[in-house]
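A.B. asks: Input structure_27.tsv, format and content: TSV, C-alpha atoms.
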chain	number	residue	atom	x	y	z
D	725	MET	CA	-31.53	-9.26	53.83
D	726	PRO	CA	-31.62	-13.03	53.32
D	727	ILE	CA	-31.28	-15.52	56.15
D	728	GLU	CA	-27.62	-16.36	56.74
D	729	LEU	CA	-26.17	-19.17	58.77
D	730	LEU	CA	-23.65	-16.86	60.42
D	731	HIS	CA	-26.39	-14.50	61.53
D	732	PHE	CA	-28.45	-17.45	62.71
D	733	PHE	CA	-25.68	-18.65	65.00
D	734	ALA	CA	-24.81	-15.12	66.07
D	735	VAL	CA	-28.37	-14.46	67.16
D	736	GLY	CA	-28.65	-17.82	68.90
D	737	LEU	CA	-25.39	-17.37	70.76
D	738	GLY	CA	-26.27	-13.85	71.81
D	739	GLY	CA	-29.71	-14.94	72.97
D	740	ALA	CA	-28.29	-17.81	74.99
D	741	MET	CA	-25.76	-15.53	76.69
D	742	GLY	CA	-28.39	-12.90	77.35
D	743	ALA	CA	-30.79	-15.40	78.89
D	744	MET	CA	-28.07	-16.85	81.09
D	745	LEU	CA	-26.91	-13.44	82.27
D	746	ARG	CA	-30.51	-12.43	82.97
D	747	ASN	CA	-31.11	-15.52	85.05
D	748	PHE	CA	-27.88	-14.89	86.95
D	749	LEU	CA	-28.73	-11.25	87.63
D	750	THR	CA	-32.33	-11.86	88.66
D	751	THR	CA	-31.39	-14.62	91.10
D	752	LEU	CA	-28.57	-12.46	92.47
D	753	MET	CA	-30.78	-9.42	92.93
D	754	GLU	CA	-33.72	-11.25	94.41
D	755	SER	CA	-31.94	-13.66	96.73
D	756	ASN	CA	-29.93	-11.08	98.70
D	757	THR	CA	-32.66	-8.58	99.43
D	758	ARG	CA	-36.36	-8.98	99.91
D	759	HIS	CA	-38.53	-6.35	98.26
D	760	TRP	CA	-42.18	-6.12	97.41
D	761	PHE	CA	-40.90	-5.22	94.01
D	762	PRO	CA	-39.24	-7.53	91.45
D	763	VAL	CA	-35.97	-5.59	91.33
D	764	GLY	CA	-34.18	-8.13	89.17
D	765	THR	CA	-36.37	-7.69	86.12
D	766	LEU	CA	-36.21	-3.91	86.45
D	767	THR	CA	-32.41	-3.88	86.61
D	768	VAL	CA	-32.05	-6.20	83.67
D	769	ASN	CA	-34.46	-4.23	81.53
D	770	LEU	CA	-32.87	-0.90	82.45
D	771	CYS	CA	-29.39	-2.13	81.47
D	772	ALA	CA	-30.65	-3.66	78.24
D	773	CYS	CA	-32.60	-0.57	77.25
D	774	PHE	CA	-29.71	1.77	77.99
D	775	ILE	CA	-27.32	-0.24	75.82
D	776	THR	CA	-29.94	-0.52	73.07
D	777	GLY	CA	-30.42	3.24	73.13
D	778	CYS	CA	-26.68	3.74	72.85
D	779	PHE	CA	-26.53	1.71	69.68
D	780	ILE	CA	-29.45	3.35	67.87
D	781	PRO	CA	-27.55	6.38	66.45
D	782	ALA	CA	-24.31	4.46	65.91
D	783	VAL	CA	-23.62	2.74	62.61
D	784	ILE	CA	-22.22	-0.71	63.27
D	785	ASN	CA	-21.16	-3.85	61.51
D	786	ASP	CA	-23.90	-6.24	60.40
D	787	THR	CA	-22.73	-9.34	62.27
D	788	PHE	CA	-22.06	-7.25	65.35
D	789	TYR	CA	-25.57	-5.83	65.08
D	790	PHE	CA	-27.09	-9.30	64.99
D	791	ILE	CA	-24.99	-10.74	67.78
D	792	LEU	CA	-25.41	-7.76	70.10
D	793	ILE	CA	-28.75	-6.10	69.41
D	794	VAL	CA	-30.94	-8.86	68.06
D	795	GLY	CA	-29.32	-11.70	69.98
D	796	PHE	CA	-27.81	-10.52	73.24
D	797	LEU	CA	-29.97	-7.53	74.11
D	798	GLY	CA	-33.09	-9.22	72.77
D	799	GLY	CA	-32.44	-12.19	74.99
D	800	PHE	CA	-31.33	-10.03	77.91
D	801	SER	CA	-34.37	-7.77	77.99
D	802	THR	CA	-37.70	-9.39	78.58
D	803	LEU	CA	-41.31	-8.39	78.36
D	804	SER	CA	-42.75	-11.70	79.45
D	805	SER	CA	-41.34	-11.70	82.99
D	806	LEU	CA	-42.52	-8.12	83.40
D	807	ASN	CA	-46.03	-9.06	82.40
D	808	PHE	CA	-45.86	-12.20	84.51
D	809	GLU	CA	-45.05	-10.21	87.62
D	810	ALA	CA	-47.59	-7.49	86.84
D	811	VAL	CA	-50.35	-10.04	86.31
D	812	ALA	CA	-49.31	-11.87	89.48
D	813	PHE	CA	-49.92	-8.59	91.37
D	814	PHE	CA	-53.18	-8.17	89.48
D	815	ALA	CA	-54.37	-11.68	90.31
D	816	SER	CA	-53.70	-11.17	94.02
D	817	LYS	CA	-55.86	-8.00	93.86
D	818	ARG	CA	-53.05	-5.50	94.40
D	819	TYR	CA	-54.18	-3.24	91.59
D	820	ALA	CA	-52.33	-0.11	92.67
D	821	ARG	CA	-49.10	-2.02	93.03
D	822	CYS	CA	-49.58	-3.60	89.62
D	823	LEU	CA	-50.18	-0.22	87.97
D	824	LEU	CA	-47.23	1.34	89.78
D	825	TYR	CA	-44.98	-1.52	88.74
D	826	LEU	CA	-45.99	-1.24	85.09
D	827	CYS	CA	-45.49	2.56	85.13
D	828	ILE	CA	-42.09	2.35	86.77
D	829	GLU	CA	-40.91	-0.43	84.53
D	830	TYR	CA	-41.99	1.00	81.18
D	831	GLY	CA	-41.23	4.61	82.12
D	832	SER	CA	-37.76	4.05	83.46
D	833	SER	CA	-36.71	1.74	80.66
D	834	PHE	CA	-37.99	4.21	78.07
D	835	GLY	CA	-36.06	6.92	79.89
D	836	ALA	CA	-32.94	4.78	79.88
D	837	ALA	CA	-33.25	4.12	76.15
D	838	CYS	CA	-33.76	7.82	75.40
D	839	LEU	CA	-30.83	8.75	77.63
D	840	GLY	CA	-28.52	6.34	75.87
D	841	CYS	CA	-29.65	7.52	72.48
D	842	LEU	CA	-29.19	11.21	73.34
D	843	LEU	CA	-25.83	10.58	74.98
D	844	VAL	CA	-24.36	8.79	72.00
D	845	SER	CA	-25.82	11.19	69.43
D	846	THR	CA	-24.35	14.19	71.28
D	847	LEU	CA	-21.01	12.39	71.60
D	848	LEU	CA	-20.97	11.59	67.89
D	849	GLY	CA	-22.00	15.16	67.17
W	513	MET	CA	-21.87	-41.51	112.03
W	514	SER	CA	-19.90	-38.44	111.07
W	515	SER	CA	-18.53	-40.12	107.96
W	516	LYS	CA	-22.03	-41.07	106.91
W	517	ARG	CA	-23.22	-37.52	107.33
W	518	SER	CA	-20.29	-36.14	105.41
W	519	ILE	CA	-20.96	-38.57	102.56
W	520	ARG	CA	-24.56	-37.48	102.51
W	521	GLN	CA	-23.48	-33.84	102.53
W	522	LEU	CA	-21.11	-34.54	99.67
W	523	ALA	CA	-23.86	-36.18	97.67
W	524	LYS	CA	-26.14	-33.24	98.36
W	525	ASP	CA	-23.49	-30.73	97.30
W	526	ASN	CA	-22.88	-32.68	94.13
W	527	GLU	CA	-26.56	-32.74	93.41
W	528	VAL	CA	-26.81	-28.99	93.95
W	529	THR	CA	-23.94	-28.18	91.61
W	530	ALA	CA	-25.17	-30.67	89.03
W	531	SER	CA	-28.65	-29.21	89.07
W	532	ALA	CA	-27.27	-25.67	88.73
W	533	ALA	CA	-25.24	-26.79	85.73
W	534	PHE	CA	-28.35	-28.42	84.29
W	535	LEU	CA	-30.28	-25.20	84.83
W	536	TYR	CA	-27.68	-23.14	83.01
W	537	ILE	CA	-27.42	-25.60	80.15
W	538	THR	CA	-31.19	-25.64	79.78
W	539	ILE	CA	-31.31	-21.86	79.79
W	540	LEU	CA	-28.52	-21.65	77.20
W	541	VAL	CA	-30.20	-24.09	74.83
W	542	MET	CA	-33.64	-22.57	75.30
W	543	GLY	CA	-32.24	-19.06	74.88
W	544	PHE	CA	-30.64	-20.13	71.61
W	545	ILE	CA	-33.95	-21.50	70.35
W	546	GLY	CA	-36.00	-18.53	71.56
W	547	ALA	CA	-33.72	-15.88	70.07
W	548	ASN	CA	-33.64	-17.70	66.76
W	549	CYS	CA	-37.41	-18.00	66.67
W	550	ARG	CA	-37.58	-14.23	67.05
W	551	TYR	CA	-34.86	-13.70	64.42
W	552	LEU	CA	-36.68	-15.90	61.91
W	553	LEU	CA	-40.05	-14.29	62.62
W	554	GLU	CA	-38.58	-10.83	62.02
W	555	PHE	CA	-38.21	-11.78	58.35
W	556	VAL	CA	-41.98	-11.63	57.94
W	557	LYS	CA	-42.38	-8.06	56.81
W	558	PHE	CA	-45.61	-6.11	56.53
W	559	ASP	CA	-45.97	-3.02	54.44
W	560	THR	CA	-46.95	-0.63	57.25
W	561	TRP	CA	-45.22	1.73	59.62
W	562	PHE	CA	-46.59	-0.41	62.44
W	563	PRO	CA	-44.12	-3.08	63.64
W	564	VAL	CA	-46.61	-5.94	63.60
W	565	THR	CA	-44.03	-8.70	64.01
W	566	THR	CA	-42.56	-7.42	67.25
W	567	LEU	CA	-46.02	-6.86	68.67
W	568	PHE	CA	-47.02	-10.39	67.68
W	569	ILE	CA	-43.87	-11.84	69.25
W	570	ASN	CA	-44.47	-9.99	72.50
W	571	ILE	CA	-48.12	-11.01	72.67
W	572	VAL	CA	-47.33	-14.67	72.08
W	573	GLY	CA	-44.55	-14.61	74.66
W	574	SER	CA	-46.70	-12.93	77.31
W	575	PHE	CA	-49.40	-15.50	76.72
W	576	CYS	CA	-47.01	-18.42	76.92
W	577	ILE	CA	-45.20	-17.43	80.11
W	578	PHE	CA	-48.22	-18.20	82.27
W	579	VAL	CA	-48.78	-21.50	80.53
W	580	ALA	CA	-45.13	-22.34	81.21
W	581	TYR	CA	-44.99	-21.32	84.87
W	582	ARG	CA	-48.51	-22.09	86.03
W	583	TYR	CA	-49.42	-25.12	83.99
W	584	LEU	CA	-46.14	-26.88	83.22
W	585	GLY	CA	-44.62	-25.91	86.55
W	586	ARG	CA	-47.47	-26.51	88.98
W	587	ARG	CA	-49.68	-29.09	87.29
W	588	VAL	CA	-47.62	-31.25	84.99
W	589	HIS	CA	-44.74	-31.28	87.49
W	590	LEU	CA	-41.92	-31.08	85.02
W	591	SER	CA	-38.50	-30.66	86.57
W	592	ARG	CA	-38.17	-27.28	88.29
W	593	HIS	CA	-35.06	-26.42	86.33
W	594	LEU	CA	-36.65	-27.36	83.05
W	595	VAL	CA	-39.60	-25.08	83.78
W	596	ARG	CA	-37.29	-22.23	84.71
W	597	GLY	CA	-35.30	-22.94	81.56
W	598	ILE	CA	-38.43	-22.67	79.45
W	599	GLY	CA	-39.70	-19.58	81.26
W	600	VAL	CA	-36.44	-17.64	81.40
W	601	GLY	CA	-34.71	-19.08	78.36
W	602	LEU	CA	-37.25	-19.83	75.69
W	603	VAL	CA	-40.04	-17.35	76.40
W	604	GLY	CA	-37.78	-14.72	78.00
W	605	SER	CA	-35.42	-14.44	75.08
W	606	PHE	CA	-38.27	-14.75	72.60
W	607	THR	CA	-39.96	-11.63	73.93
W	608	THR	CA	-37.99	-8.43	73.83
W	609	LEU	CA	-38.12	-4.96	75.23
W	610	ALA	CA	-35.00	-3.82	73.35
W	611	ALA	CA	-36.52	-4.16	69.88
W	612	PHE	CA	-39.71	-2.50	71.13
W	613	TYR	CA	-37.87	0.60	72.35
W	614	THR	CA	-35.68	0.64	69.26
W	615	GLU	CA	-38.77	0.83	67.11
W	616	VAL	CA	-40.40	3.46	69.30
W	617	ILE	CA	-37.30	5.65	69.24
W	618	LEU	CA	-36.86	5.20	65.49
W	619	LEU	CA	-40.48	6.28	64.98
W	620	VAL	CA	-39.89	9.34	67.18
W	621	ARG	CA	-36.71	10.21	65.29
W	622	ARG	CA	-38.59	10.02	62.01
W	623	GLY	CA	-41.05	12.54	63.45
W	624	LEU	CA	-43.99	10.15	63.85
W	625	VAL	CA	-44.62	10.91	67.51
W	626	THR	CA	-48.34	10.03	67.58
W	627	GLU	CA	-47.66	6.74	65.85
W	628	ALA	CA	-44.93	5.96	68.35
W	629	ALA	CA	-47.30	6.72	71.23
W	630	ILE	CA	-50.01	4.54	69.68
W	631	TYR	CA	-47.59	1.68	69.17
W	632	GLY	CA	-46.30	1.95	72.74
W	633	ALA	CA	-49.75	2.09	74.26
W	634	VAL	CA	-51.01	-0.81	72.18
W	635	THR	CA	-48.04	-2.96	73.14
W	636	VAL	CA	-48.34	-2.18	76.85
W	637	VAL	CA	-52.09	-2.81	77.06
W	638	VAL	CA	-52.36	-5.76	74.71
W	639	THR	CA	-49.42	-7.70	76.16
W	640	PHE	CA	-50.82	-7.18	79.66
W	641	PHE	CA	-54.19	-8.57	78.66
W	642	ALA	CA	-52.51	-11.36	76.73
W	643	ALA	CA	-50.81	-12.34	79.98
W	644	VAL	CA	-54.16	-12.25	81.81
W	645	ALA	CA	-55.66	-14.44	79.08
W	646	GLY	CA	-52.68	-16.78	79.40
W	647	MET	CA	-53.35	-17.09	83.13
W	648	TYR	CA	-56.96	-18.10	82.53
W	649	PHE	CA	-55.90	-20.48	79.77
W	650	ALA	CA	-53.37	-22.13	82.09
W	651	ASP	CA	-56.08	-22.55	84.74
W	652	TYR	CA	-58.40	-24.06	82.15
W	653	LEU	CA	-55.73	-26.53	81.09
W	654	ALA	CA	-55.10	-27.43	84.71
W	655	HIS	CA	-58.82	-28.02	85.29
W	656	ARG	CA	-59.02	-30.25	82.26
W	657	ARG	CA	-56.06	-32.24	83.39
W	658	VAL	CA	-57.48	-32.72	86.90
W	659	ARG	CA	-60.81	-33.88	85.47
W	660	LYS	CA	-59.10	-36.35	83.17
W	661	LEU	CA	-57.05	-37.77	86.05
W	662	GLN	CA	-60.17	-38.09	88.23
W	663	LYS	CA	-62.04	-39.89	85.47
W	664	ARG	CA	-59.19	-42.32	85.04
W	665	ARG	CA	-59.06	-42.98	88.78
W	666	VAL	CA	-62.83	-43.62	88.98
W	667	LYS	CA	-62.65	-45.95	86.02
W	668	ARG	CA	-59.80	-47.88	87.57
W	669	SER	CA	-61.60	-48.29	90.91
W	670	GLN	CA	-64.77	-49.42	89.12
W	671	GLU	CA	-62.81	-52.02	87.21
W	672	ARG	CA	-61.33	-53.28	90.44
W	673	ARG	CA	-64.78	-53.51	92.04
W	674	HIS	CA	-66.15	-55.44	89.06
W	675	ARG	CA	-63.27	-57.85	89.24
W	676	ILE	CA	-63.86	-58.49	92.96
W	677	GLU	CA	-67.56	-59.08	92.39
W	678	ALA	CA	-66.87	-61.47	89.56
W	679	ASP	CA	-64.50	-63.41	91.82
W	680	GLN	CA	-67.11	-63.58	94.53
W	681	LEU	CA	-69.81	-64.78	92.15
W	682	GLU	CA	-67.48	-67.46	90.90
W	683	ALA	CA	-66.80	-68.53	94.45
W	684	ALA	CA	-70.55	-68.69	95.14
W	685	GLY	CA	-71.04	-70.79	92.02
W	686	GLU	CA	-68.37	-73.19	93.19
W	687	MET	CA	-70.15	-73.58	96.45
W	688	PHE	CA	-73.40	-74.38	94.70
W	689	SER	CA	-71.76	-76.91	92.45
W	690	ASN	CA	-70.04	-78.61	95.40
W	691	ASP	CA	-73.34	-78.80	97.17
W	692	VAL	CA	-75.02	-80.32	94.16
W	693	VAL	CA	-72.22	-82.75	93.44
W	694	LEU	CA	-72.52	-84.05	96.96
W	695	ARG	CA	-76.12	-84.88	96.24
W	696	GLN	CA	-75.30	-86.54	92.91
W	697	SER	CA	-77.56	-84.20	90.88
W	698	SER	CA	-77.47	-83.35	87.19
W	699	VAL	CA	-75.90	-80.29	85.52
W	700	ARG	CA	-79.27	-78.93	84.55
W	701	GLU	CA	-80.31	-78.77	88.15
W	702	VAL	CA	-77.28	-76.64	88.93
W	703	GLU	CA	-78.26	-74.18	86.25
W	704	GLN	CA	-81.82	-74.05	87.46
W	705	ARG	CA	-80.77	-73.42	90.99
W	706	THR	CA	-78.41	-70.61	90.11
W	707	ALA	CA	-81.08	-68.99	87.95
W	708	GLN	CA	-83.72	-69.28	90.64
W	709	ALA	CA	-81.48	-67.99	93.38
W	710	GLN	CA	-80.78	-64.68	91.57
W	711	ILE	CA	-77.83	-63.91	93.73
W	712	THR	CA	-77.42	-60.31	94.67
W	713	PRO	CA	-73.80	-59.10	95.07
W	714	ARG	CA	-74.27	-58.86	98.80
W	715	GLU	CA	-75.37	-62.46	99.08
W	716	ALA	CA	-72.58	-63.53	96.84
W	717	ARG	CA	-70.12	-61.71	99.07
W	718	GLN	CA	-71.54	-63.38	102.14
W	719	ALA	CA	-71.44	-66.74	100.43
W	720	ALA	CA	-67.86	-66.21	99.43
W	721	ARG	CA	-66.92	-65.22	102.93
W	722	ARG	CA	-68.61	-68.30	104.33
W	723	GLN	CA	-66.84	-70.50	101.86
W	724	LYS	CA	-63.49	-68.93	102.58
W	725	ARG	CA	-63.99	-69.56	106.26
W	726	SER	CA	-65.00	-73.17	105.77
W	727	LYS	CA	-62.29	-74.33	103.38
W	728	PRO	CA	-59.75	-71.70	102.38
W	729	SER	CA	-57.21	-74.11	100.93
W	730	ASP	CA	-59.64	-75.47	98.36
W	731	SER	CA	-60.70	-72.09	97.04
W	732	THR	CA	-57.14	-70.78	96.81
W	733	GLU	CA	-56.14	-73.84	94.82
W	734	LYS	CA	-59.00	-73.34	92.41
W	735	ARG	CA	-58.14	-69.68	91.93
W	736	GLY	CA	-54.53	-70.56	91.46
W	737	GLU	CA	-55.47	-72.55	88.40
Starting from the file, give its structure as structure tokens.

C.D. replies:
Amino acid sequence: MPIELLHFFAVGLGGAMGAMLRNFLTTLMESNTRHWFPVGTLTVNLCACFITGCFIPAVINDTFYFILIVGFLGGFSTLSSLNFEAVAFFASKRYARCLLYLCIEYGSSFGAACLGCLLVSTLLG
Amino acid sequence: MSSKRSIRQLAKDNEVTASAAFLYITILVMGFIGANCRYLLEFVKFDTWFPVTTLFINIVGSFCIFVAYRYLGRRVHLSRHLVRGIGVGLVGSFTTLAAFYTEVILLVRRGLVTEAAIYGAVTVVVTFFAAVAGMYFADYLAHRRVRKLQKRRVKRSQERRHRIEADQLEAAGEMFSNDVVLRQSSVREVEQRTAQAQITPREARQAARRQKRSKPSDSTEKRGE
């Protein structure tokens, strides 16, 4: 598939929206309640992975694919913040907490993706 | 008094809203750039089952997030919103968990379960250690920057000290010449006397102080020229 200008702008727009929504959600989640745990990143990644899983079995339009999956969900989900928080735990010598955080994060988002995928494939038959 | 306070409050509120708008604009622009970097990198295709490009993207992003937050944010003192824009927008939308899980699930659906497990494990471990490496790299950069700043400061203070000493020596020389002129001596004698005296900086300083005390107006005029 060659590079197209429409896809370029679709991906950029989706990424911008995803990043903005992620920032909004993380600040919302982490300003109201105080946890030892970065809840914002977890929520965002769970949502993004569930929606991604839903769209794996479905056959969708090309432009829609780029704007939603590559752009929006790619910008919405993040691996860098996850690693940032995990390494921040690691650097302050809370190894158990770091390991637990990584397990919860990766495990639950993989579960969410699988759940979405299974749900949509059973619905589509 | 109350009106003043209200004006100040108004200004503060305006600043707050303006900075929030700036934050969102930065995040939007940076998100656009980050997502497009990922989109363009995904065109580099390798002829293996292993999704090298996504792994590469995630490693680079995990490395860069520490440089962004720890070096740019704490050491270079960029604007707080700009740093958050780079961290959340650029790096955050560059790295992706969605594409990672898409690839894992596609591998599982094709029946390549071991490969999917290998890919997942490699991504988890390598991105974590890339982030650790990024932390050390950011600290190294910060150290280098601090050393450079210190060197510059030392150099500047040395220059200032040299300048002061030169001024004092000049003042001492003036005193000598005045002395000699009073006695109607030749220029060569002045040179001889200055060479013989071998003024140390401390003496020069004392001489300058003495001169300043005796006739401050004269010396200031001379320096003014």

A.B. asks: When you look at Gly738 of chain D with a cut-off of 12 Å (counting all atoms listed in the file), what residues show up, excluding the ones that are within fewer than 3 positions of it in the same chain? I need them as a VMD selection string.

C.D. replies: (chain D and resid 731 to 735 741 to 745 787 to 801) or (chain W and resid 540 to 548 551 601 605)

A.B. asks: Select, from D:Glu809, D:Leu803, D:Phe834, D:Leu843, the residue with the minimum atom-to-atom distance to Ala629 of chain W, counting only C-alpha atoms.

C.D. replies: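 Among D:Glu809, D:Leu803, D:Phe834, D:Leu843, it is D:Phe834 that comes nearest to Ala629 of chain W.
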
A.B. asks: Could you check which of W:Phe534, W:Trp561, W:Phe640, W:Phe575 is closest to Ser591 of chain W, using all atoms listed in the file?

C.D. replies: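 Of W:Phe534, W:Trp561, W:Phe640, W:Phe575, the one nearest Ser591 of chain W, counting all atoms listed in the file, is W:Phe534.
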
A.B. asks: Hey, list the chain W side of the contact with chain D: 9 Å cut-off, only C-alpha atoms, answer as a PyMOL selection string.

C.D. replies: chain W and resi 536-537+539-548+550-552+555+570-571+573-578+599-611+613-614+617-618+636+639-644+647

A.B. asks: If you measure from atom CA of Arg587 of chain W to atom CA of Ala645 of chain W, what distance in Å do you get, rounded to one decimal?

C.D. replies: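 So the answer is 17.8 Å.
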
A.B. asks: Atom CA of Gly840 of chain D and atom CA of Val616 of chain W are how many Å apart?

C.D. replies: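 So the answer is 13.9 Å.
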
A.B. asks: Report, in Å to a single decimal, how far apart atom CA of Ala650 of chain W and atom CA of Lys817 of chain D are.

C.D. replies: 18.6 Å

A.B. asks: Calculated over only C-alpha atoms, which of the candidates W:Asp651, W:Glu715, W:Glu671, W:Glu686 has the smallest distance to Tyr583 of chain W?

C.D. replies: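 Looking only at the distances to Tyr583 of chain W, the closest residue turns out to be W:Asp651.
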
A.B. asks: Could you give me the centre and size, in Å to one decimal, of an axis-aligned box around all listed atoms of segment 815-819 of chain D with 3 Å added on every side, as JSON?

C.D. replies:
{"center_x": -54.5, "center_y": -7.5, "center_z": 92.4, "size_x": 8.8, "size_y": 14.4, "size_z": 10.1}

A.B. asks: From the set W:Glu615, W:Arg621, W:Arg592, W:Val579, which residue has the shortest atom-to-atom contact distance to Ser845 of chain D, counting only C-alpha atoms?

C.D. replies: W:Arg621

A.B. asks: Measuring atom to atom with all atoms listed in the file, identify which of W:Val588, W:Leu535, W:Ile569, W:Val666 is nearest to Leu653 of chain W.

C.D. replies: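 Smallest distance to Leu653 of chain W is found for W:Val588.
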
A.B. asks: Pull segment 782-793 of chain D out of the block and emit N, CA and C atoms, as a compact mmCIF listing (two decimals), in the first residue's frame.

C.D. replies:
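And here is the file that came out, selection.txt:
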# COMPACT_ATOMS: atom_id res chain seq x y z
N ALA D 782 -13.26 -7.85 12.55
CA ALA D 782 -14.15 -7.13 11.63
C ALA D 782 -13.37 -6.66 10.40
N VAL D 783 -14.07 -6.66 9.27
CA VAL D 783 -13.46 -6.14 8.05
C VAL D 783 -13.98 -4.72 7.87
N ILE D 784 -13.08 -3.76 7.84
CA ILE D 784 -13.53 -2.37 7.76
C ILE D 784 -12.85 -1.64 6.63
N ASN D 785 -13.42 -0.49 6.35
CA ASN D 785 -12.94 0.41 5.32
C ASN D 785 -11.49 0.85 5.59
N ASP D 786 -10.75 1.08 4.51
CA ASP D 786 -9.33 1.41 4.64
C ASP D 786 -9.08 2.71 5.40
N THR D 787 -9.74 3.76 4.97
CA THR D 787 -9.56 5.07 5.62
C THR D 787 -9.98 5.01 7.08
N PHE D 788 -11.07 4.30 7.32
CA PHE D 788 -11.57 4.14 8.69
C PHE D 788 -10.55 3.40 9.53
N TYR D 789 -9.94 2.37 8.91
CA TYR D 789 -8.90 1.61 9.60
C TYR D 789 -7.76 2.53 10.02
N PHE D 790 -7.32 3.39 9.07
CA PHE D 790 -6.18 4.24 9.39
C PHE D 790 -6.53 5.28 10.44
N ILE D 791 -7.72 5.87 10.30
CA ILE D 791 -8.06 6.93 11.25
C ILE D 791 -8.33 6.36 12.63
N LEU D 792 -8.93 5.17 12.70
CA LEU D 792 -9.28 4.64 14.03
C LEU D 792 -8.17 3.81 14.64
N ILE D 793 -7.71 2.79 13.92
CA ILE D 793 -6.78 1.84 14.54
C ILE D 793 -5.37 2.43 14.60
